[in-house]
$ cat my_file_13.pdb   # PDB, C-alpha atoms and all ligand atoms
MODEL        1
ATOM      1  CA  MET Y   1      -0.469 -36.007  11.111  1.00  0.00           C
ATOM      2  CA  LEU Y   2      -0.391 -37.857   7.813  1.00  0.00           C
ATOM      3  CA  LEU Y   3      -3.939 -37.023   6.744  1.00  0.00           C
ATOM      4  CA  PRO Y   4      -3.684 -33.202   6.952  1.00  0.00           C
ATOM      5  CA  LEU Y   5      -0.478 -33.374   4.944  1.00  0.00           C
ATOM      6  CA  ILE Y   6      -2.161 -35.315   2.164  1.00  0.00           C
ATOM      7  CA  ILE Y   7      -5.081 -32.894   2.079  1.00  0.00           C
ATOM      8  CA  LEU Y   8      -2.693 -29.967   1.903  1.00  0.00           C
ATOM      9  CA  MET Y   9      -0.894 -31.525  -1.027  1.00  0.00           C
ATOM     10  CA  LEU Y  10      -4.148 -31.981  -2.914  1.00  0.00           C
ATOM     11  CA  THR Y  11      -5.235 -28.361  -2.670  1.00  0.00           C
ATOM     12  CA  PRO Y  12      -5.115 -26.484  -5.981  1.00  0.00           C
ATOM     13  CA  SER Y  13      -2.313 -24.214  -4.774  1.00  0.00           C
ATOM     14  CA  ALA Y  14      -0.076 -27.261  -4.495  1.00  0.00           C
ATOM     15  CA  LEU Y  15      -0.711 -28.102  -8.132  1.00  0.00           C
ATOM     16  CA  GLY Y  16       1.321 -25.269  -9.546  1.00  0.00           C
ATOM     17  CA  PRO Y  17       0.349 -21.717 -10.441  1.00  0.00           C
ATOM     18  CA  SER Y  18      -3.265 -21.165  -9.479  1.00  0.00           C
ATOM     19  CA  PHE Y  19      -5.675 -18.922 -11.292  1.00  0.00           C
ATOM     20  CA  GLY Y  20      -8.455 -19.946  -8.917  1.00  0.00           C
ATOM     21  CA  THR Y  21     -10.430 -17.796  -6.560  1.00  0.00           C
ATOM     22  CA  ASN Y  22      -9.218 -15.709  -3.668  1.00  0.00           C
ATOM     23  CA  GLU Y  23      -9.735 -17.352  -0.270  1.00  0.00           C
ATOM     24  CA  GLU Y  24      -9.467 -14.339   2.014  1.00  0.00           C
ATOM     25  CA  VAL Y  25     -12.427 -14.129   4.395  1.00  0.00           C
ATOM     26  CA  LEU Y  26     -13.856 -11.134   6.222  1.00  0.00           C
ATOM     27  CA  VAL Y  27     -16.147 -12.139   9.104  1.00  0.00           C
ATOM     28  CA  ILE Y  28     -18.641  -9.521  10.240  1.00  0.00           C
ATOM     29  CA  SER Y  29     -21.001  -9.368  13.201  1.00  0.00           C
ATOM     30  CA  LYS Y  30     -24.479  -8.118  13.808  1.00  0.00           C
ATOM     31  CA  ALA Y  31     -24.703  -4.419  14.626  1.00  0.00           C
ATOM     32  CA  ALA Y  32     -25.313  -3.372  18.215  1.00  0.00           C
ATOM     33  CA  ASN Y  33     -24.860   0.378  17.746  1.00  0.00           C
ATOM     34  CA  PRO Y  34     -26.850   2.575  15.347  1.00  0.00           C
ATOM     35  CA  VAL Y  35     -25.194   4.085  12.272  1.00  0.00           C
ATOM     36  CA  GLN Y  36     -25.843   7.583  11.040  1.00  0.00           C
ATOM     37  CA  ILE Y  37     -24.933   7.789   7.367  1.00  0.00           C
ATOM     38  CA  ASP Y  38     -23.205  11.190   7.340  1.00  0.00           C
ATOM     39  CA  GLY Y  39     -19.883  10.065   5.842  1.00  0.00           C
ATOM     40  CA  VAL Y  40     -17.877  10.193   9.074  1.00  0.00           C
ATOM     41  CA  TRP Y  41     -17.365   8.263  12.310  1.00  0.00           C
ATOM     42  CA  SER Y  42     -19.914  10.427  14.106  1.00  0.00           C
ATOM     43  CA  THR Y  43     -20.310   9.094  17.640  1.00  0.00           C
ATOM     44  CA  GLU Y  44     -17.819   7.450  19.952  1.00  0.00           C
ATOM     45  CA  THR Y  45     -19.344   3.987  19.623  1.00  0.00           C
ATOM     46  CA  GLU Y  46     -20.761   4.134  16.079  1.00  0.00           C
ATOM     47  CA  TRP Y  47     -18.316   1.647  14.501  1.00  0.00           C
ATOM     48  CA  LEU Y  48     -16.791  -0.088  17.528  1.00  0.00           C
ATOM     49  CA  ASP Y  49     -19.034  -3.133  16.965  1.00  0.00           C
ATOM     50  CA  ALA Y  50     -17.917  -3.593  13.329  1.00  0.00           C
ATOM     51  CA  SER Y  51     -15.125  -5.707  11.853  1.00  0.00           C
ATOM     52  CA  GLU Y  52     -11.828  -3.874  11.438  1.00  0.00           C
ATOM     53  CA  THR Y  53      -9.404  -4.313   8.535  1.00  0.00           C
ATOM     54  CA  LYS Y  54      -6.373  -2.123   7.890  1.00  0.00           C
ATOM     55  CA  ILE Y  55      -5.549  -1.812   4.200  1.00  0.00           C
ATOM     56  CA  VAL Y  56      -2.173  -0.467   3.145  1.00  0.00           C
ATOM     57  CA  ALA Y  57      -0.728  -0.054  -0.347  1.00  0.00           C
ATOM     58  CA  ASP Y  58       1.889   2.257  -1.864  1.00  0.00           C
ATOM     59  CA  GLY Y  59       1.905   4.651   1.085  1.00  0.00           C
ATOM     60  CA  LEU Y  60      -1.897   4.828   1.288  1.00  0.00           C
ATOM     61  CA  THR Y  61      -3.761   3.636   4.380  1.00  0.00           C
ATOM     62  CA  ALA Y  62      -7.455   2.972   4.872  1.00  0.00           C
ATOM     63  CA  TYR Y  63      -9.453   1.286   7.609  1.00  0.00           C
ATOM     64  CA  LEU Y  64     -12.451  -0.786   6.591  1.00  0.00           C
ATOM     65  CA  ARG Y  65     -15.216  -1.552   9.084  1.00  0.00           C
ATOM     66  CA  VAL Y  66     -18.280  -3.629   8.222  1.00  0.00           C
ATOM     67  CA  LYS Y  67     -21.369  -4.848  10.131  1.00  0.00           C
ATOM     68  CA  TYR Y  68     -24.973  -5.770   9.368  1.00  0.00           C
ATOM     69  CA  ASP Y  69     -28.495  -6.022  10.716  1.00  0.00           C
ATOM     70  CA  GLU Y  70     -31.776  -7.542   9.444  1.00  0.00           C
ATOM     71  CA  ARG Y  71     -32.106  -5.046   6.608  1.00  0.00           C
ATOM     72  CA  PHE Y  72     -28.761  -3.463   5.833  1.00  0.00           C
ATOM     73  CA  LEU Y  73     -25.065  -3.985   5.494  1.00  0.00           C
ATOM     74  CA  TYR Y  74     -23.038  -1.045   6.821  1.00  0.00           C
ATOM     75  CA  ILE Y  75     -19.572  -0.044   5.625  1.00  0.00           C
ATOM     76  CA  LEU Y  76     -17.176   2.613   6.881  1.00  0.00           C
ATOM     77  CA  ILE Y  77     -13.969   3.409   5.034  1.00  0.00           C
ATOM     78  CA  ASP Y  78     -11.724   5.724   7.013  1.00  0.00           C
ATOM     79  CA  PHE Y  79      -9.162   6.790   4.415  1.00  0.00           C
ATOM     80  CA  VAL Y  80      -6.604   8.390   6.732  1.00  0.00           C
ATOM     81  CA  SER Y  81      -3.962   8.999   4.057  1.00  0.00           C
ATOM     82  CA  ASP Y  82      -6.379  10.960   1.859  1.00  0.00           C
ATOM     83  CA  GLN Y  83      -6.202  14.387   3.439  1.00  0.00           C
ATOM     84  CA  GLY Y  84      -8.127  16.319   0.844  1.00  0.00           C
ATOM     85  CA  LEU Y  85     -11.473  15.807  -0.839  1.00  0.00           C
ATOM     86  CA  ASP Y  86     -10.705  16.181  -4.537  1.00  0.00           C
ATOM     87  CA  ARG Y  87     -12.983  17.479  -7.261  1.00  0.00           C
ATOM     88  CA  SER Y  88     -12.634  14.191  -9.125  1.00  0.00           C
ATOM     89  CA  ARG Y  89     -11.566  10.601  -8.653  1.00  0.00           C
ATOM     90  CA  ASP Y  90     -12.022  10.339  -4.907  1.00  0.00           C
ATOM     91  CA  LEU Y  91     -14.171   7.238  -4.790  1.00  0.00           C
ATOM     92  CA  ALA Y  92     -15.145   4.156  -2.825  1.00  0.00           C
ATOM     93  CA  VAL Y  93     -16.679   1.075  -4.423  1.00  0.00           C
ATOM     94  CA  ALA Y  94     -18.033  -1.959  -2.535  1.00  0.00           C
ATOM     95  CA  CYS Y  95     -18.918  -5.002  -4.669  1.00  0.00           C
ATOM     96  CA  PHE Y  96     -20.816  -8.215  -3.941  1.00  0.00           C
ATOM     97  CA  ASP Y  97     -20.966 -11.460  -5.890  1.00  0.00           C
ATOM     98  CA  THR Y  98     -24.195 -12.585  -4.277  1.00  0.00           C
ATOM     99  CA  LYS Y  99     -24.192 -16.140  -5.661  1.00  0.00           C
ATOM    100  CA  SER Y 100     -20.439 -16.518  -5.101  1.00  0.00           C
ATOM    101  CA  ASP Y 101     -20.137 -17.897  -8.616  1.00  0.00           C
ATOM    102  CA  ASP Y 102     -16.897 -15.997  -9.244  1.00  0.00           C
ATOM    103  CA  GLY Y 103     -15.867 -15.711 -12.881  1.00  0.00           C
ATOM    104  CA  ASN Y 104     -13.617 -13.476 -14.929  1.00  0.00           C
ATOM    105  CA  VAL Y 105     -16.466 -11.130 -15.858  1.00  0.00           C
ATOM    106  CA  PRO Y 106     -19.161  -9.581 -13.650  1.00  0.00           C
ATOM    107  CA  LEU Y 107     -22.518 -11.377 -13.955  1.00  0.00           C
ATOM    108  CA  GLU Y 108     -26.054 -10.204 -13.218  1.00  0.00           C
ATOM    109  CA  ASP Y 109     -25.909 -11.260  -9.558  1.00  0.00           C
ATOM    110  CA  ASP Y 110     -22.892  -9.001  -9.033  1.00  0.00           C
ATOM    111  CA  TYR Y 111     -23.478  -5.480  -7.700  1.00  0.00           C
ATOM    112  CA  CYS Y 112     -21.196  -2.572  -6.851  1.00  0.00           C
ATOM    113  CA  PHE Y 113     -22.258   0.386  -4.721  1.00  0.00           C
ATOM    114  CA  TYR Y 114     -20.188   3.531  -4.987  1.00  0.00           C
ATOM    115  CA  ALA Y 115     -19.701   7.067  -3.782  1.00  0.00           C
ATOM    116  CA  ALA Y 116     -17.466   9.329  -5.852  1.00  0.00           C
ATOM    117  CA  THR Y 117     -16.462  12.860  -6.710  1.00  0.00           C
ATOM    118  CA  ARG Y 118     -16.673  13.743 -10.377  1.00  0.00           C
ATOM    119  CA  THR Y 119     -15.945  17.221 -11.782  1.00  0.00           C
ATOM    120  CA  GLY Y 120     -16.682  18.880  -8.484  1.00  0.00           C
ATOM    121  CA  ARG Y 121     -19.853  16.919  -7.791  1.00  0.00           C
ATOM    122  CA  THR Y 122     -20.395  14.074  -5.406  1.00  0.00           C
ATOM    123  CA  THR Y 123     -22.472  11.206  -6.685  1.00  0.00           C
ATOM    124  CA  SER Y 124     -23.507   7.778  -5.540  1.00  0.00           C
ATOM    125  CA  GLY Y 125     -24.772   4.877  -7.545  1.00  0.00           C
ATOM    126  CA  ILE Y 126     -25.134   1.199  -8.210  1.00  0.00           C
ATOM    127  CA  MET Y 127     -23.563  -0.906 -10.942  1.00  0.00           C
ATOM    128  CA  GLN Y 128     -24.673  -4.373 -12.004  1.00  0.00           C
ATOM    129  CA  GLY Y 129     -22.719  -6.980 -13.899  1.00  0.00           C
ATOM    130  CA  SER Y 130     -23.836  -7.574 -17.476  1.00  0.00           C
ATOM    131  CA  GLY Y 131     -21.863 -10.685 -18.387  1.00  0.00           C
ATOM    132  CA  SER Y 132     -19.216  -8.591 -20.090  1.00  0.00           C
ATOM    133  CA  GLY Y 133     -18.725  -5.542 -17.845  1.00  0.00           C
ATOM    134  CA  TRP Y 134     -20.444  -3.198 -15.436  1.00  0.00           C
ATOM    135  CA  VAL Y 135     -23.600  -1.212 -16.187  1.00  0.00           C
ATOM    136  CA  ILE Y 136     -24.616   1.745 -14.032  1.00  0.00           C
ATOM    137  CA  ILE Y 137     -28.231   1.050 -13.049  1.00  0.00           C
ATOM    138  CA  GLN Y 138     -28.611   4.008 -10.724  1.00  0.00           C
ATOM    139  CA  ASP Y 139     -26.644   7.224 -10.385  1.00  0.00           C
ATOM    140  CA  ALA Y 140     -27.702  10.196  -8.318  1.00  0.00           C
ATOM    141  CA  LYS Y 141     -26.439  13.243  -6.576  1.00  0.00           C
ATOM    142  CA  LEU Y 142     -25.154  12.360  -3.182  1.00  0.00           C
ATOM    143  CA  VAL Y 143     -28.337  13.150  -1.329  1.00  0.00           C
ATOM    144  CA  ASP Y 144     -29.059   9.501  -1.283  1.00  0.00           C
ATOM    145  CA  ARG Y 145     -29.830   7.290   1.660  1.00  0.00           C
ATOM    146  CA  PHE Y 146     -27.146   4.758   1.088  1.00  0.00           C
ATOM    147  CA  ALA Y 147     -23.838   6.560   0.636  1.00  0.00           C
ATOM    148  CA  ARG Y 148     -22.062   9.628   1.919  1.00  0.00           C
ATOM    149  CA  ILE Y 149     -18.563  11.030   1.566  1.00  0.00           C
ATOM    150  CA  GLY Y 150     -17.278  12.853   4.624  1.00  0.00           C
ATOM    151  CA  TYR Y 151     -14.277  14.797   5.823  1.00  0.00           C
ATOM    152  CA  SER Y 152     -13.313  14.459   9.439  1.00  0.00           C
ATOM    153  CA  HIS Y 153     -10.752  15.528  12.026  1.00  0.00           C
ATOM    154  CA  SER Y 154     -12.275  13.357  14.679  1.00  0.00           C
ATOM    155  CA  SER Y 155     -12.015   9.669  13.833  1.00  0.00           C
ATOM    156  CA  PRO Y 156     -10.238   7.307  16.237  1.00  0.00           C
ATOM    157  CA  TYR Y 157      -7.661   6.603  13.507  1.00  0.00           C
ATOM    158  CA  ASP Y 158      -6.542  10.205  13.090  1.00  0.00           C
ATOM    159  CA  ASP Y 159      -7.926  13.043  15.177  1.00  0.00           C
ATOM    160  CA  LYS Y 160      -5.302  15.591  14.094  1.00  0.00           C
ATOM    161  CA  ASN Y 161      -5.311  15.615  10.305  1.00  0.00           C
ATOM    162  CA  GLY Y 162      -8.517  16.046   8.414  1.00  0.00           C
ATOM    163  CA  HIS Y 163      -9.146  13.145   6.047  1.00  0.00           C
ATOM    164  CA  VAL Y 164     -11.724  11.638   3.738  1.00  0.00           C
ATOM    165  CA  SER Y 165     -14.103   8.908   4.860  1.00  0.00           C
ATOM    166  CA  TYR Y 166     -17.055   7.069   3.343  1.00  0.00           C
ATOM    167  CA  GLU Y 167     -20.164   5.459   4.795  1.00  0.00           C
ATOM    168  CA  LEU Y 168     -22.387   3.056   2.879  1.00  0.00           C
ATOM    169  CA  LYS Y 169     -25.694   1.510   3.951  1.00  0.00           C
ATOM    170  CA  ILE Y 170     -26.733  -1.211   1.553  1.00  0.00           C
ATOM    171  CA  PRO Y 171     -30.195  -2.830   1.658  1.00  0.00           C
ATOM    172  CA  THR Y 172     -29.700  -6.592   1.670  1.00  0.00           C
ATOM    173  CA  GLY Y 173     -33.115  -7.780   0.450  1.00  0.00           C
ATOM    174  CA  PRO Y 174     -33.453  -6.082  -2.964  1.00  0.00           C
ATOM    175  CA  TYR Y 175     -29.996  -7.172  -4.114  1.00  0.00           C
ATOM    176  CA  GLY Y 176     -30.084 -10.716  -2.813  1.00  0.00           C
ATOM    177  CA  LEU Y 177     -27.174 -10.304  -0.420  1.00  0.00           C
ATOM    178  CA  GLU Y 178     -26.408 -13.615   1.284  1.00  0.00           C
ATOM    179  CA  GLU Y 179     -24.889 -14.797   4.559  1.00  0.00           C
ATOM    180  CA  GLU Y 180     -21.789 -15.674   2.639  1.00  0.00           C
ATOM    181  CA  MET Y 181     -20.835 -14.044  -0.630  1.00  0.00           C
ATOM    182  CA  ARG Y 182     -17.871 -12.667  -2.487  1.00  0.00           C
ATOM    183  CA  PHE Y 183     -16.849  -9.133  -1.568  1.00  0.00           C
ATOM    184  CA  TYR Y 184     -14.480  -6.551  -3.007  1.00  0.00           C
ATOM    185  CA  LEU Y 185     -13.586  -3.040  -1.936  1.00  0.00           C
ATOM    186  CA  TYR Y 186     -11.790  -0.365  -3.970  1.00  0.00           C
ATOM    187  CA  VAL Y 187     -10.954   3.105  -2.657  1.00  0.00           C
ATOM    188  CA  SER Y 188      -9.170   5.741  -4.712  1.00  0.00           C
ATOM    189  CA  ASP Y 189      -7.556   9.064  -3.840  1.00  0.00           C
ATOM    190  CA  GLY Y 190      -7.705  11.423  -6.801  1.00  0.00           C
ATOM    191  CA  TYR Y 191      -4.863  13.598  -5.501  1.00  0.00           C
ATOM    192  CA  HIS Y 192      -2.380  10.730  -5.273  1.00  0.00           C
ATOM    193  CA  ASN Y 193      -3.912   9.074  -8.334  1.00  0.00           C
ATOM    194  CA  ASN Y 194      -3.713   5.782  -6.491  1.00  0.00           C
ATOM    195  CA  PHE Y 195      -5.933   3.298  -4.682  1.00  0.00           C
ATOM    196  CA  VAL Y 196      -6.199   0.561  -2.081  1.00  0.00           C
ATOM    197  CA  GLU Y 197      -8.265  -2.580  -2.459  1.00  0.00           C
ATOM    198  CA  TRP Y 198      -9.454  -5.538  -0.384  1.00  0.00           C
ATOM    199  CA  PRO Y 199      -8.307  -8.217  -0.774  1.00  0.00           C
ATOM    200  CA  ALA Y 200      -4.874  -6.718  -1.404  1.00  0.00           C
ATOM    201  CA  ASN Y 201      -3.423  -7.332  -4.870  1.00  0.00           C
ATOM    202  CA  SER Y 202      -6.676  -8.757  -6.181  1.00  0.00           C
ATOM    203  CA  GLY Y 203      -6.267  -7.173  -9.581  1.00  0.00           C
ATOM    204  CA  GLY Y 204      -7.731  -3.670  -9.532  1.00  0.00           C
ATOM    205  CA  LYS Y 205      -6.011  -1.144 -11.737  1.00  0.00           C
ATOM    206  CA  GLN Y 206      -4.897   2.348 -11.016  1.00  0.00           C
ATOM    207  CA  PHE Y 207      -7.552   4.778 -12.008  1.00  0.00           C
ATOM    208  CA  ALA Y 208      -6.598   6.428 -15.269  1.00  0.00           C
ATOM    209  CA  ILE Y 209      -7.244  10.097 -15.863  1.00  0.00           C
ATOM    210  CA  GLY Y 210      -9.789  10.359 -18.616  1.00  0.00           C
ATOM    211  CA  SER Y 211     -11.359   6.990 -17.996  1.00  0.00           C
ATOM    212  CA  PRO Y 212     -15.039   7.618 -18.653  1.00  0.00           C
ATOM    213  CA  THR Y 213     -16.381   5.574 -15.771  1.00  0.00           C
ATOM    214  CA  ILE Y 214     -15.135   3.661 -12.783  1.00  0.00           C
ATOM    215  CA  LYS Y 215     -16.125   0.346 -14.286  1.00  0.00           C
ATOM    216  CA  ASP Y 216     -12.787  -0.324 -15.964  1.00  0.00           C
ATOM    217  CA  VAL Y 217     -10.662  -0.404 -12.849  1.00  0.00           C
ATOM    218  CA  LEU Y 218     -12.167  -3.097 -10.665  1.00  0.00           C
ATOM    219  CA  ALA Y 219     -10.816  -6.570 -10.039  1.00  0.00           C
ATOM    220  CA  ILE Y 220     -12.742  -9.464 -11.612  1.00  0.00           C
ATOM    221  CA  PRO Y 221     -14.900 -11.574  -9.234  1.00  0.00           C
ATOM    222  CA  ASP Y 222     -12.350 -14.406  -9.230  1.00  0.00           C
ATOM    223  CA  GLY Y 223     -10.040 -12.085  -7.294  1.00  0.00           C
ATOM    224  CA  TRP Y 224     -12.559 -11.043  -4.669  1.00  0.00           C
ATOM    225  CA  GLY Y 225     -12.532 -12.234  -1.060  1.00  0.00           C
ATOM    226  CA  LYS Y 226     -15.370 -13.694   0.966  1.00  0.00           C
ATOM    227  CA  LEU Y 227     -17.683 -11.860   3.315  1.00  0.00           C
ATOM    228  CA  HIS Y 228     -19.228 -14.000   6.025  1.00  0.00           C
ATOM    229  CA  LEU Y 229     -22.101 -12.685   8.132  1.00  0.00           C
ATOM    230  CA  LYS Y 230     -21.731 -14.277  11.549  1.00  0.00           C
ATOM    231  CA  PRO Y 231     -25.119 -15.136  13.085  1.00  0.00           C
ATOM    232  CA  SER Y 232     -25.840 -13.305  16.330  1.00  0.00           C
TER
HETATM  233 CA    CA W 301     -21.565   8.209  10.714  1.00  0.00          CA
HETATM  234 CA    CA W 302      -8.531  12.882  -2.069  1.00  0.00          CA
ENDMDL
END

$ encode --input "my_file_13.pdb" --output "C-alpha cells"
Amino acid sequence: MLLPLIILMLTPSALGPSFGTNEEVLVISKAANPVQIDGVWSTETEWLDASETKIVADGLTAYLRVKYDERFLYILIDFVSDQGLDRSRDLAVACFDTKSDDGNVPLEDDYCFYAATRTGRTTSGIMQGSGSGWVIIQDAKLVDRFARIGYSHSSPYDDKNGHVSYELKIPTGPYGLEEEMRFYLYVSDGYHNNFVEWPANSGGKQFAIGSPTIKDVLAIPDGWGKLHLKPS
C-alpha cells in the first residue's frame, strides 16, 4: 500500500493549488443504432447506445449523449429545463482540442461546432481557434447536415413538457478528431439567461446580452475534459 500513497502525494493536485488541466473523462462507444439529425430523440432506440451524462447547474438540467462511427461523432443534448425555443441565445456548442495540447487560448487544432438561435433565426456553424480567440470559419442557416435544434414532447427524459434539444453530427476526418482528445460542451437557455457546461465549473461564462458572438463565453482548453472513443 505504500507505493500508491507515494504516487498520490506526487500528483500535481497534492502540490497546492493547481491550475493544470481538467481530468474528467467521457468514454463513448461505437454506434449500433442509426441517427437521424432532426434535432430530437426521434426513435425509441436512437440514442440508447450512446454515453449518458446528466448535467445540472443553477436549476438547469441537460442530458448529454455521445457516440461515434467510422465517419462521424454524434451528439444529443436533451435540454429538459429549457421549455421554450427562444428567438435568441438558445445555443449548444461542442468543442474539441484534437491534439489535446490544452492551453489558455484556443489554437488552430481546436474546433467548436454550434447550433444557435439569433434574432429569430436558427444557424449552425464552426469556429476554429486562432491562437488568441475563436474565428467563425463557417456559418449557415440551419439547413445544414451537421446540426439541428428541435423541440420535443417525446424524449425519454420528459414526455410531458415540451423542451429544446440539439443533435450534432460531426465529420471526424476533416477536423482531425482523434480517439482521445479534449472535449467541452456549453448549452445556453436564452430565456433563463443561463447555461450548463461539461465538465461542470470548467470556466464558461454566462452569456451576456449584447455580446456580438458566442466566442467570448467558452471555457479555455485547459478546463476541458477528455473524450475517449472506446474501440468496438
Ligand atoms: Ca434524431
Ligand atoms: Ca430557451

$ residues_around --input "my_file_13.pdb" --residues "Y:Val196" --least-positions-apart "5" --cutoff "10 Å" --atoms "all atoms listed in the file" --output "PyMOL selection string"
chain Y and resi 55-62+79+92+185-189+201+204-206

$ residues_near_point --input "my_file_13.pdb" --point "(-7.0, 9.8, 6.7)" --cutoff "9 Å" --atoms "all atoms listed in the file" --output "PyMOL selection string"
chain Y and resi 60-63+78-84+151-153+155+157-158+161-165

$ closest_atom_pairs --input "my_file_13.pdb" --of "chain Y" --to "ligand CA 301 (chain W)" --cutoff "8 Å" --atoms "only C-alpha atoms and all ligand atoms" --output "JSON lines"
{"residue": "Y:Val35", "atom": "CA", "partner": "W:CA301", "partner_atom": "CA", "distance": 5.7}
{"residue": "Y:Gln36", "atom": "CA", "partner": "W:CA301", "partner_atom": "CA", "distance": 4.3}
{"residue": "Y:Ile37", "atom": "CA", "partner": "W:CA301", "partner_atom": "CA", "distance": 4.8}
{"residue": "Y:Asp38", "atom": "CA", "partner": "W:CA301", "partner_atom": "CA", "distance": 4.8}
{"residue": "Y:Gly39", "atom": "CA", "partner": "W:CA301", "partner_atom": "CA", "distance": 5.5}
{"residue": "Y:Val40", "atom": "CA", "partner": "W:CA301", "partner_atom": "CA", "distance": 4.5}
{"residue": "Y:Trp41", "atom": "CA", "partner": "W:CA301", "partner_atom": "CA", "distance": 4.5}
{"residue": "Y:Ser42", "atom": "CA", "partner": "W:CA301", "partner_atom": "CA", "distance": 4.4}
{"residue": "Y:Thr43", "atom": "CA", "partner": "W:CA301", "partner_atom": "CA", "distance": 7.1}
{"residue": "Y:Glu46", "atom": "CA", "partner": "W:CA301", "partner_atom": "CA", "distance": 6.8}
{"residue": "Y:Glu167", "atom": "CA", "partner": "W:CA301", "partner_atom": "CA", "distance": 6.7}

$ residues_around --input "my_file_13.pdb" --residues "Y:Lys169" --least-positions-apart "5" --cutoff "8 Å" --atoms "all atoms listed in the file" --output "list in words"
Ile37, Phe72, Leu73, Tyr74, Ile75, Arg145, Phe146 and Ala147 of chain Y

$ resolve_selection --input "my_file_13.pdb" --expression "the PyMOL selection byres (((chain Y and resi 221) around 9) and not hetatm)" --output "PyMOL selection string"
chain Y and resi 21-22+95-97+100-107+110+182-184+219-220+222-225

$ residues_around --input "my_file_13.pdb" --residues "Y:Ala31" --least-positions-apart "2" --cutoff "12 Å" --atoms "all atoms listed in the file" --output "ChimeraX atom specification"
/Y:28-29,33-35,45-51,65-75,229-232

$ write_last_selection --input "my_file_13.pdb" --atoms "C-alpha atoms" --output "PDB file, in the coordinates of the input"
ATOM      1  CA  ILE Y  28     -18.641  -9.521  10.240  1.00  0.00           C
ATOM      2  CA  SER Y  29     -21.001  -9.368  13.201  1.00  0.00           C
ATOM      3  CA  ASN Y  33     -24.860   0.378  17.746  1.00  0.00           C
ATOM      4  CA  PRO Y  34     -26.850   2.575  15.347  1.00  0.00           C
ATOM      5  CA  VAL Y  35     -25.194   4.085  12.272  1.00  0.00           C
ATOM      6  CA  THR Y  45     -19.344   3.987  19.623  1.00  0.00           C
ATOM      7  CA  GLU Y  46     -20.761   4.134  16.079  1.00  0.00           C
ATOM      8  CA  TRP Y  47     -18.316   1.647  14.501  1.00  0.00           C
ATOM      9  CA  LEU Y  48     -16.791  -0.088  17.528  1.00  0.00           C
ATOM     10  CA  ASP Y  49     -19.034  -3.133  16.965  1.00  0.00           C
ATOM     11  CA  ALA Y  50     -17.917  -3.593  13.329  1.00  0.00           C
ATOM     12  CA  SER Y  51     -15.125  -5.707  11.853  1.00  0.00           C
ATOM     13  CA  ARG Y  65     -15.216  -1.552   9.084  1.00  0.00           C
ATOM     14  CA  VAL Y  66     -18.280  -3.629   8.222  1.00  0.00           C
ATOM     15  CA  LYS Y  67     -21.369  -4.848  10.131  1.00  0.00           C
ATOM     16  CA  TYR Y  68     -24.973  -5.770   9.368  1.00  0.00           C
ATOM     17  CA  ASP Y  69     -28.495  -6.022  10.716  1.00  0.00           C
ATOM     18  CA  GLU Y  70     -31.776  -7.542   9.444  1.00  0.00           C
ATOM     19  CA  ARG Y  71     -32.106  -5.046   6.608  1.00  0.00           C
ATOM     20  CA  PHE Y  72     -28.761  -3.463   5.833  1.00  0.00           C
ATOM     21  CA  LEU Y  73     -25.065  -3.985   5.494  1.00  0.00           C
ATOM     22  CA  TYR Y  74     -23.038  -1.045   6.821  1.00  0.00           C
ATOM     23  CA  ILE Y  75     -19.572  -0.044   5.625  1.00  0.00           C
ATOM     24  CA  LEU Y 229     -22.101 -12.685   8.132  1.00  0.00           C
ATOM     25  CA  LYS Y 230     -21.731 -14.277  11.549  1.00  0.00           C
ATOM     26  CA  PRO Y 231     -25.119 -15.136  13.085  1.00  0.00           C
ATOM     27  CA  SER Y 232     -25.840 -13.305  16.330  1.00  0.00           C
TER      28      SER Y 232
END

$ closest_residue --input "my_file_13.pdb" --among "Y:Ile149, Y:Val25, Y:Met127, Y:Val135" --to "ligand CA 302 (chain W)" --atoms "only C-alpha atoms and all ligand atoms"
Y:Ile149

$ atom_distance --input "my_file_13.pdb" --atom1 "atom CA of Y:Ala200" --atom2 "atom CA of Y:Tyr166"
19.0 Å

$ atom_distance --input "my_file_13.pdb" --atom1 "atom CA of Y:Arg89" --atom2 "atom CA of Y:Val27"
29.2 Å

$ atom_distance --input "my_file_13.pdb" --atom1 "atom CA of Y:Asp90" --atom2 "atom CA of Y:Ala115"
8.4 Å

$ resolve_selection --input "my_file_13.pdb" --expression "the PyMOL selection byres (((chain Y and resi 128) around 12) and not hetatm)" --output "ChimeraX atom specification"
/Y:94-98,105-114,125-127,129-139,175,215

$ closest_residue --input "my_file_13.pdb" --among "Y:Lys160, Y:His192, Y:His228, Y:Arg148" --to "ligand CA 302 (chain W)" --atoms "only C-alpha atoms and all ligand atoms"
Y:His192

$ closest_residue --input "my_file_13.pdb" --among "Y:Lys30, Y:Arg118, Y:Lys54, Y:Lys99" --to "ligand CA 302 (chain W)" --atoms "only C-alpha atoms and all ligand atoms"
Y:Arg118

$ closest_residue --input "my_file_13.pdb" --among "Y:Leu177, Y:Leu218, Y:Ala140, Y:Leu91" --to "ligand CA 302 (chain W)" --atoms "all atoms listed in the file"
Y:Leu91

$ closest_residue --input "my_file_13.pdb" --among "Y:Thr119, Y:Ser202, Y:Ser88, Y:Ser124" --to "ligand CA 302 (chain W)" --atoms "all atoms listed in the file"
Y:Ser88

$ closest_residue --input "my_file_13.pdb" --among "Y:Gly150, Y:Gly190, Y:Pro171, Y:Pro156" --to "Y:Asp86" --atoms "all atoms listed in the file"
Y:Gly190

$ axis_aligned_box --input "my_file_13.pdb" --around "stretch 50-60 of chain Y" --padding-each-side "6 Å" --output "JSON"
{"center_x": -8.0, "center_y": -0.4, "center_z": 5.7, "size_x": 31.8, "size_y": 22.5, "size_z": 27.2}
